[in-house]
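Q: Input structure: input.txt, which contains compact mmCIF, C-alpha atoms.
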```txt
# COMPACT_ATOMS: atom_id res chain seq x y z
CA MET S 8 0.00 0.00 0.00
CA GLY S 9 1.58 3.22 -1.13
CA PHE S 10 -0.18 5.60 1.21
CA SER S 11 1.86 8.45 2.62
CA VAL S 12 1.98 9.17 6.34
CA GLY S 13 -0.11 12.31 5.93
CA PHE S 14 -2.84 10.39 4.11
CA VAL S 15 -3.07 7.79 6.90
CA ILE S 16 -3.22 10.58 9.50
CA GLY S 17 -6.09 12.20 7.58
CA LEU S 18 -7.90 8.85 7.41
CA VAL S 19 -7.55 8.44 11.19
CA GLY S 20 -8.86 11.99 11.65
CA VAL S 21 -11.92 11.28 9.49
CA LEU S 22 -12.57 8.05 11.45
CA ILE S 23 -12.35 9.95 14.75
CA LEU S 24 -14.78 12.56 13.40
CA SER S 25 -17.26 9.92 12.31
CA HIS S 26 -17.02 8.25 15.73
CA ALA S 27 -17.69 11.63 17.32
CA ALA S 28 -20.76 12.03 15.10
CA TYR S 29 -21.97 8.57 16.11
CA SER S 30 -21.57 9.25 19.85
CA THR S 31 -23.34 12.59 19.52
CA SER S 32 -26.33 10.98 17.86
CA GLN S 33 -26.37 8.32 20.64
CA TYR S 34 -26.29 11.16 23.17
CA ARG S 35 -29.22 12.80 21.40
CA GLY S 36 -31.15 9.53 21.73
CA LEU S 37 -30.36 9.43 25.45
CA LEU S 38 -31.60 13.00 25.87
CA LYS S 39 -34.82 12.05 24.12
CA ILE S 40 -35.43 9.34 26.73
CA THR S 41 -34.59 11.52 29.73
CA GLU S 42 -36.42 14.44 28.12
CA ASP S 43 -33.58 16.93 28.60
CA GLU S 44 -32.73 19.87 26.37
CA PHE S 45 -29.63 19.67 24.14
CA SER S 46 -27.17 22.34 25.22
CA GLY S 47 -24.03 20.99 23.57
CA PRO S 48 -22.23 17.69 22.93
CA PRO S 49 -20.54 15.91 25.85
CA PHE S 50 -16.95 16.70 26.76
CA SER S 51 -15.47 13.52 25.27
CA VAL S 52 -17.03 14.37 21.89
CA VAL S 53 -15.54 17.87 22.00
CA VAL S 54 -12.10 16.40 22.68
CA GLU S 55 -12.58 13.93 19.82
CA LEU S 56 -13.61 16.74 17.48
CA ILE S 57 -10.56 18.82 18.35
CA VAL S 58 -8.21 15.85 17.88
CA GLY S 59 -9.86 14.96 14.57
CA LEU S 60 -9.68 18.54 13.34
CA VAL S 61 -5.99 18.80 14.21
CA LEU S 62 -5.20 15.49 12.47
CA CYS S 63 -7.16 16.52 9.36
CA MET S 64 -5.42 19.89 9.32
CA TRP S 65 -2.08 18.11 9.45
CA ALA S 66 -3.15 15.93 6.52
CA ALA S 67 -4.50 18.89 4.52
CA LEU S 68 -1.19 20.68 4.86
CA THR S 69 1.11 17.77 4.02
CA VAL S 70 -0.74 15.62 1.45
CA PRO S 71 -1.16 18.09 -1.48
CA GLY S 72 2.60 18.49 -1.88
CA ASN S 73 5.23 21.13 -1.32
CA PHE S 74 5.35 24.67 -2.58
CA LEU S 75 7.75 25.28 -5.47
CA SER S 76 9.79 28.44 -5.72
CA ILE S 77 8.68 30.86 -8.42
CA HIS S 78 11.95 32.77 -8.60
CA PRO S 79 13.65 32.18 -11.95
CA HIS S 80 17.07 32.45 -10.29
CA SER S 81 16.63 29.95 -7.50
CA ASP S 82 18.61 26.72 -7.69
CA GLU S 83 15.71 24.37 -8.41
CA ASN S 84 14.55 26.54 -11.33
CA ARG S 85 17.76 26.53 -13.37
CA MET S 86 16.91 25.78 -16.98
CA VAL S 87 19.92 23.55 -17.52
CA SER S 88 22.20 21.90 -15.05
CA LEU S 89 25.15 20.33 -16.82
CA PRO S 90 27.65 18.09 -15.07
CA ASP S 91 31.08 19.53 -14.42
CA ASN S 92 33.07 16.95 -16.39
CA LEU S 93 31.69 17.83 -19.85
CA ASP S 94 35.18 18.18 -21.32
CA PHE S 95 35.95 14.58 -20.55
CA MET S 96 32.88 13.04 -22.11
CA ILE S 97 33.45 10.93 -25.23
CA PHE S 98 30.54 10.21 -27.54
CA ASN S 99 32.34 9.02 -30.63
CA HIS S 100 35.05 6.42 -30.32
CA ARG S 101 36.48 3.37 -32.09
CA GLY S 102 34.46 0.89 -30.04
CA LYS S 103 31.60 1.07 -32.52
CA VAL S 104 33.70 -0.66 -35.18
CA PHE S 105 34.04 -3.82 -33.12
CA VAL S 106 31.36 -6.49 -33.24
CA THR S 107 29.20 -6.25 -30.16
CA GLU S 108 28.47 -9.23 -27.95
CA ILE S 109 24.80 -9.15 -28.87
CA ASP S 110 25.59 -9.50 -32.58
CA MET S 111 27.87 -12.46 -31.85
CA LYS S 112 25.07 -14.23 -29.97
CA LEU S 113 22.61 -13.61 -32.79
CA LYS S 114 24.92 -15.19 -35.37
CA HIS S 115 25.52 -18.39 -33.39
CA MET B 9 23.89 63.27 -22.94
CA ALA B 10 23.46 62.97 -19.22
CA GLY B 11 19.71 63.14 -19.67
CA HIS B 12 19.86 60.32 -22.22
CA ASN B 13 21.81 58.12 -19.82
CA GLU B 14 19.32 58.89 -17.12
CA SER B 15 16.38 57.76 -19.24
CA GLU B 16 18.22 54.61 -20.30
CA LYS B 17 18.96 53.78 -16.70
CA LYS B 18 15.31 54.30 -15.80
CA SER B 19 14.08 51.94 -18.51
CA SER B 20 16.50 49.23 -17.42
CA ASP B 21 15.29 49.72 -13.85
CA ALA B 22 11.75 49.25 -15.08
CA LEU B 23 12.83 46.02 -16.76
CA ASP B 24 14.31 44.81 -13.47
CA ASP B 25 11.15 45.75 -11.62
CA LEU B 26 9.05 43.73 -14.03
CA GLN B 27 7.91 40.64 -12.16
CA THR B 28 9.27 37.53 -13.76
CA PHE B 29 8.39 34.21 -12.22
CA ARG B 30 7.68 30.66 -13.20
CA ALA B 31 4.00 30.41 -14.01
CA GLU B 32 3.87 26.62 -13.75
CA ASN B 33 5.26 26.61 -10.23
CA LEU B 34 2.88 29.37 -9.19
CA GLN B 35 0.01 27.34 -10.62
CA SER B 36 1.08 24.23 -8.75
CA ASN B 37 1.33 26.24 -5.53
CA MET B 38 -2.18 27.56 -6.09
CA LYS B 39 -3.40 24.00 -6.60
CA VAL B 40 -1.86 22.99 -3.28
CA ILE B 41 -3.69 25.89 -1.59
CA TYR B 42 -7.01 24.95 -3.19
CA TYR B 43 -6.66 21.34 -2.04
CA SER B 44 -5.89 22.38 1.52
CA ARG B 45 -8.71 24.89 1.72
CA THR B 46 -11.35 22.64 0.17
CA PHE B 47 -10.50 19.71 2.40
CA LEU B 48 -10.40 21.84 5.53
CA SER B 49 -13.69 23.57 4.76
CA ILE B 50 -15.33 20.15 4.36
CA ILE B 51 -13.85 18.96 7.65
CA GLY B 52 -14.77 22.25 9.32
CA GLY B 53 -18.34 21.83 8.06
CA VAL B 54 -18.58 18.35 9.56
CA VAL B 55 -17.20 19.58 12.89
CA ALA B 56 -19.61 22.53 12.97
CA GLY B 57 -22.51 20.20 12.22
CA ILE B 58 -21.57 17.76 14.99
CA LEU B 59 -21.14 20.60 17.48
CA GLY B 60 -24.65 21.69 16.57
CA PHE B 61 -23.89 25.24 15.50
CA THR B 62 -26.76 27.15 13.96
CA GLY B 63 -26.96 30.53 12.30
CA LEU B 64 -24.18 33.04 12.63
CA THR B 65 -22.04 30.88 14.95
CA GLY B 66 -21.33 28.48 12.12
CA PHE B 67 -20.09 31.24 9.83
CA VAL B 68 -17.90 32.62 12.60
CA PHE B 69 -16.52 29.10 13.00
CA TYR B 70 -15.77 29.00 9.26
CA PHE B 71 -13.88 32.28 9.43
CA LEU B 72 -11.92 30.92 12.38
CA VAL B 73 -10.99 27.71 10.55
CA MET B 74 -9.95 29.62 7.43
CA ALA B 75 -7.87 32.06 9.48
CA ILE B 76 -6.06 29.14 11.12
CA THR B 77 -5.58 27.58 7.66
CA SER B 78 -4.10 30.81 6.31
CA VAL B 79 -1.64 31.02 9.18
CA ALA B 80 -0.73 27.35 8.69
CA LEU B 81 -0.21 27.85 4.93
CA ILE B 82 2.00 30.87 5.60
CA ALA B 83 3.96 28.76 8.05
CA LYS B 84 4.22 26.05 5.36
CA ALA B 85 5.69 28.67 3.02
CA LYS B 86 8.26 29.30 5.76
CA PHE B 87 6.95 32.88 6.18
CA SER B 88 8.55 34.00 2.89
CA ILE B 89 5.41 34.45 0.78
CA HIS B 90 7.19 36.12 -2.11
CA THR B 91 9.38 33.13 -2.95
CA TYR B 92 6.24 31.05 -3.59
CA PHE B 93 3.46 33.52 -4.52
CA ASP B 94 3.26 36.84 -6.30
CA SER B 95 0.98 38.48 -3.77
CA TRP B 96 -0.44 38.02 -0.28
CA ASN B 97 -4.02 37.81 -1.58
CA ARG B 98 -3.25 34.44 -3.14
CA VAL B 99 -2.47 32.75 0.13
CA VAL B 100 -4.99 34.62 2.30
CA PHE B 101 -8.13 34.92 0.16
CA ASP B 102 -8.08 32.51 -2.79
CA GLY B 103 -10.54 29.65 -2.49
CA PHE B 104 -12.40 31.36 0.32
CA LEU B 105 -15.86 31.62 -1.30
CA GLY B 106 -15.69 28.21 -2.96
CA GLY B 107 -14.77 26.74 0.40
CA LEU B 108 -17.74 28.49 1.99
CA MET B 109 -20.09 26.59 -0.34
CA SER B 110 -18.63 23.19 0.61
CA PHE B 111 -18.65 24.27 4.24
CA VAL B 112 -22.38 25.06 4.23
CA LEU B 113 -23.15 21.85 2.37
CA PHE B 114 -21.32 19.60 4.83
CA TRP B 115 -22.41 21.65 7.83
CA THR B 116 -26.11 21.06 7.04
CA PHE B 117 -25.38 17.45 6.06
CA ALA B 118 -23.66 16.60 9.36
CA TYR B 119 -26.21 18.56 11.38
CA ASP B 120 -29.09 16.67 9.76
CA ILE B 121 -27.47 13.27 10.30
CA VAL B 122 -26.45 13.86 13.91
CA HIS B 123 -29.21 16.03 15.32
CA ILE B 124 -32.34 15.46 13.28
CA PHE B 125 -32.40 11.79 12.32
```
Now that the file is in, can you turn its structure into structure tokens?

A:
Amino acid sequence: MGFSVGFVIGLVGVLILSHAAYSTSQYRGLLKITEDEFSGPPFSVVVELIVGLVLCMWAALTVPGNFLSIHPHSDENRMVSLPDNLDFMIFNHRGKVFVTEIDMKLKH
Amino acid sequence: MAGHNESEKKSSDALDDLQTFRAENLQSNMKVIYYSRTFLSIIGGVVAGILGFTGLTGFVFYFLVMAITSVALIAKAKFSIHTYFDSWNRVVFDGFLGGLMSFVLFWTFAYDIVHIF
């Protein structure tokens, strides 16, 4: 599974949020039986919501990727980056005259 | 002659002042911001619905979430906005209204599921 750490954290956050939603609706059912007024979710749900929100915020900031510099002169934006040993590179040499190993195998 | 040099110098200054930046990288940065804002407005909507916010409180909550997101995005850009964006508006305001729509949608959705059914 090729999920990144941020993605898994976001998944955990969403699961925590859905659990918080489930416990709140259970709590609403309880209030209906005891005939109390709803004044706000219980403390554990609030803690769950805060934890879930923080985890999702972490995911939202890390998953989409990093910012790229827009300066044309910064290092990562150089149009060409040639290696330093250009003078020593040889593209044309006598090796091409010799029969390659692959050709030998094909003939046999 | 001096006047001519002066004008030449001014035009070259104007050329230096001209903003040149990589459009593709700016576009990819904007995409990152849109992703973050959309996802967080959906999550903020769900949280507001579970908490049972109604009316103005929910919108205040949205502004709060977006303000925190803006600060977090600025922190992600290592507080040097101008290496990644051409203006502050991009990081502070872009995607705000579109996010509000998703926020209201998921706010009412979560509220209905948790509190009404």

Q: Contacts from chain S to chain B, 10 Å maximum, all atoms listed in the file: show me the residue list as a PDB file with C-alpha atoms, in the coordinates of the input.

A:
```pdb
ATOM      1  CA  GLY S  20      -8.860  11.990  11.650  1.00  0.00           C
ATOM      2  CA  VAL S  21     -11.920  11.280   9.490  1.00  0.00           C
ATOM      3  CA  LEU S  24     -14.780  12.560  13.400  1.00  0.00           C
ATOM      4  CA  SER S  25     -17.260   9.920  12.310  1.00  0.00           C
ATOM      5  CA  ALA S  27     -17.690  11.630  17.320  1.00  0.00           C
ATOM      6  CA  ALA S  28     -20.760  12.030  15.100  1.00  0.00           C
ATOM      7  CA  TYR S  29     -21.970   8.570  16.110  1.00  0.00           C
ATOM      8  CA  SER S  30     -21.570   9.250  19.850  1.00  0.00           C
ATOM      9  CA  THR S  31     -23.340  12.590  19.520  1.00  0.00           C
ATOM     10  CA  SER S  32     -26.330  10.980  17.860  1.00  0.00           C
ATOM     11  CA  GLN S  33     -26.370   8.320  20.640  1.00  0.00           C
ATOM     12  CA  TYR S  34     -26.290  11.160  23.170  1.00  0.00           C
ATOM     13  CA  ARG S  35     -29.220  12.800  21.400  1.00  0.00           C
ATOM     14  CA  GLY S  36     -31.150   9.530  21.730  1.00  0.00           C
ATOM     15  CA  PHE S  45     -29.630  19.670  24.140  1.00  0.00           C
ATOM     16  CA  SER S  46     -27.170  22.340  25.220  1.00  0.00           C
ATOM     17  CA  GLY S  47     -24.030  20.990  23.570  1.00  0.00           C
ATOM     18  CA  PRO S  48     -22.230  17.690  22.930  1.00  0.00           C
ATOM     19  CA  PRO S  49     -20.540  15.910  25.850  1.00  0.00           C
ATOM     20  CA  VAL S  52     -17.030  14.370  21.890  1.00  0.00           C
ATOM     21  CA  VAL S  53     -15.540  17.870  22.000  1.00  0.00           C
ATOM     22  CA  LEU S  56     -13.610  16.740  17.480  1.00  0.00           C
ATOM     23  CA  ILE S  57     -10.560  18.820  18.350  1.00  0.00           C
ATOM     24  CA  GLY S  59      -9.860  14.960  14.570  1.00  0.00           C
ATOM     25  CA  LEU S  60      -9.680  18.540  13.340  1.00  0.00           C
ATOM     26  CA  CYS S  63      -7.160  16.520   9.360  1.00  0.00           C
ATOM     27  CA  MET S  64      -5.420  19.890   9.320  1.00  0.00           C
ATOM     28  CA  TRP S  65      -2.080  18.110   9.450  1.00  0.00           C
ATOM     29  CA  ALA S  66      -3.150  15.930   6.520  1.00  0.00           C
ATOM     30  CA  ALA S  67      -4.500  18.890   4.520  1.00  0.00           C
ATOM     31  CA  LEU S  68      -1.190  20.680   4.860  1.00  0.00           C
ATOM     32  CA  THR S  69       1.110  17.770   4.020  1.00  0.00           C
ATOM     33  CA  VAL S  70      -0.740  15.620   1.450  1.00  0.00           C
ATOM     34  CA  PRO S  71      -1.160  18.090  -1.480  1.00  0.00           C
ATOM     35  CA  GLY S  72       2.600  18.490  -1.880  1.00  0.00           C
ATOM     36  CA  ASN S  73       5.230  21.130  -1.320  1.00  0.00           C
ATOM     37  CA  PHE S  74       5.350  24.670  -2.580  1.00  0.00           C
ATOM     38  CA  LEU S  75       7.750  25.280  -5.470  1.00  0.00           C
ATOM     39  CA  SER S  76       9.790  28.440  -5.720  1.00  0.00           C
ATOM     40  CA  ILE S  77       8.680  30.860  -8.420  1.00  0.00           C
ATOM     41  CA  HIS S  78      11.950  32.770  -8.600  1.00  0.00           C
ATOM     42  CA  PRO S  79      13.650  32.180 -11.950  1.00  0.00           C
ATOM     43  CA  HIS S  80      17.070  32.450 -10.290  1.00  0.00           C
ATOM     44  CA  SER S  81      16.630  29.950  -7.500  1.00  0.00           C
ATOM     45  CA  ASN S  84      14.550  26.540 -11.330  1.00  0.00           C
TER      46      ASN S  84
END
```

Q: Figure out the distance between CA of Glu42 in chain S and CA of Gly66 in chain B, please, to one decimal in Å.

A: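 If I compute the distance from CA of Gly66 in chain B to CA of Glu42 in chain S, I get 26.1 Å.
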
Q: What's the separation between CA of Ile50 in chain B and CA of Phe87 in chain B, in Å to one decimal place?

A: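 So the answer is 25.7 Å.
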
Q: Can you tell me how far CA of Thr116 in chain B sits from CA of Val54 in chain S, in Å to one decimal?

A: 21.5 Å

Q: Could range 33-125 of chain B be written out with C-alpha atoms, as a CSV table (one decimal), in the first residue's frame, please?

A:
```
chain,number,residue,atom,x,y,z
B,33,ASN,CA,5.3,26.6,-10.2
B,34,LEU,CA,2.9,29.4,-9.2
B,35,GLN,CA,0.0,27.3,-10.6
B,36,SER,CA,1.1,24.2,-8.8
B,37,ASN,CA,1.3,26.2,-5.5
B,38,MET,CA,-2.2,27.6,-6.1
B,39,LYS,CA,-3.4,24.0,-6.6
B,40,VAL,CA,-1.9,23.0,-3.3
B,41,ILE,CA,-3.7,25.9,-1.6
B,42,TYR,CA,-7.0,25.0,-3.2
B,43,TYR,CA,-6.7,21.3,-2.0
B,44,SER,CA,-5.9,22.4,1.5
B,45,ARG,CA,-8.7,24.9,1.7
B,46,THR,CA,-11.4,22.6,0.2
B,47,PHE,CA,-10.5,19.7,2.4
B,48,LEU,CA,-10.4,21.8,5.5
B,49,SER,CA,-13.7,23.6,4.8
B,50,ILE,CA,-15.3,20.2,4.4
B,51,ILE,CA,-13.9,19.0,7.7
B,52,GLY,CA,-14.8,22.3,9.3
B,53,GLY,CA,-18.3,21.8,8.1
B,54,VAL,CA,-18.6,18.4,9.6
B,55,VAL,CA,-17.2,19.6,12.9
B,56,ALA,CA,-19.6,22.5,13.0
B,57,GLY,CA,-22.5,20.2,12.2
B,58,ILE,CA,-21.6,17.8,15.0
B,59,LEU,CA,-21.1,20.6,17.5
B,60,GLY,CA,-24.6,21.7,16.6
B,61,PHE,CA,-23.9,25.2,15.5
B,62,THR,CA,-26.8,27.2,14.0
B,63,GLY,CA,-27.0,30.5,12.3
B,64,LEU,CA,-24.2,33.0,12.6
B,65,THR,CA,-22.0,30.9,15.0
B,66,GLY,CA,-21.3,28.5,12.1
B,67,PHE,CA,-20.1,31.2,9.8
B,68,VAL,CA,-17.9,32.6,12.6
B,69,PHE,CA,-16.5,29.1,13.0
B,70,TYR,CA,-15.8,29.0,9.3
B,71,PHE,CA,-13.9,32.3,9.4
B,72,LEU,CA,-11.9,30.9,12.4
B,73,VAL,CA,-11.0,27.7,10.5
B,74,MET,CA,-10.0,29.6,7.4
B,75,ALA,CA,-7.9,32.1,9.5
B,76,ILE,CA,-6.1,29.1,11.1
B,77,THR,CA,-5.6,27.6,7.7
B,78,SER,CA,-4.1,30.8,6.3
B,79,VAL,CA,-1.6,31.0,9.2
B,80,ALA,CA,-0.7,27.3,8.7
B,81,LEU,CA,-0.2,27.9,4.9
B,82,ILE,CA,2.0,30.9,5.6
B,83,ALA,CA,4.0,28.8,8.1
B,84,LYS,CA,4.2,26.1,5.4
B,85,ALA,CA,5.7,28.7,3.0
B,86,LYS,CA,8.3,29.3,5.8
B,87,PHE,CA,7.0,32.9,6.2
B,88,SER,CA,8.5,34.0,2.9
B,89,ILE,CA,5.4,34.5,0.8
B,90,HIS,CA,7.2,36.1,-2.1
B,91,THR,CA,9.4,33.1,-3.0
B,92,TYR,CA,6.2,31.1,-3.6
B,93,PHE,CA,3.5,33.5,-4.5
B,94,ASP,CA,3.3,36.8,-6.3
B,95,SER,CA,1.0,38.5,-3.8
B,96,TRP,CA,-0.4,38.0,-0.3
B,97,ASN,CA,-4.0,37.8,-1.6
B,98,ARG,CA,-3.2,34.4,-3.1
B,99,VAL,CA,-2.5,32.8,0.1
B,100,VAL,CA,-5.0,34.6,2.3
B,101,PHE,CA,-8.1,34.9,0.2
B,102,ASP,CA,-8.1,32.5,-2.8
B,103,GLY,CA,-10.5,29.6,-2.5
B,104,PHE,CA,-12.4,31.4,0.3
B,105,LEU,CA,-15.9,31.6,-1.3
B,106,GLY,CA,-15.7,28.2,-3.0
B,107,GLY,CA,-14.8,26.7,0.4
B,108,LEU,CA,-17.7,28.5,2.0
B,109,MET,CA,-20.1,26.6,-0.3
B,110,SER,CA,-18.6,23.2,0.6
B,111,PHE,CA,-18.6,24.3,4.2
B,112,VAL,CA,-22.4,25.1,4.2
B,113,LEU,CA,-23.2,21.8,2.4
B,114,PHE,CA,-21.3,19.6,4.8
B,115,TRP,CA,-22.4,21.7,7.8
B,116,THR,CA,-26.1,21.1,7.0
B,117,PHE,CA,-25.4,17.5,6.1
B,118,ALA,CA,-23.7,16.6,9.4
B,119,TYR,CA,-26.2,18.6,11.4
B,120,ASP,CA,-29.1,16.7,9.8
B,121,ILE,CA,-27.5,13.3,10.3
B,122,VAL,CA,-26.4,13.9,13.9
B,123,HIS,CA,-29.2,16.0,15.3
B,124,ILE,CA,-32.3,15.5,13.3
B,125,PHE,CA,-32.4,11.8,12.3
```
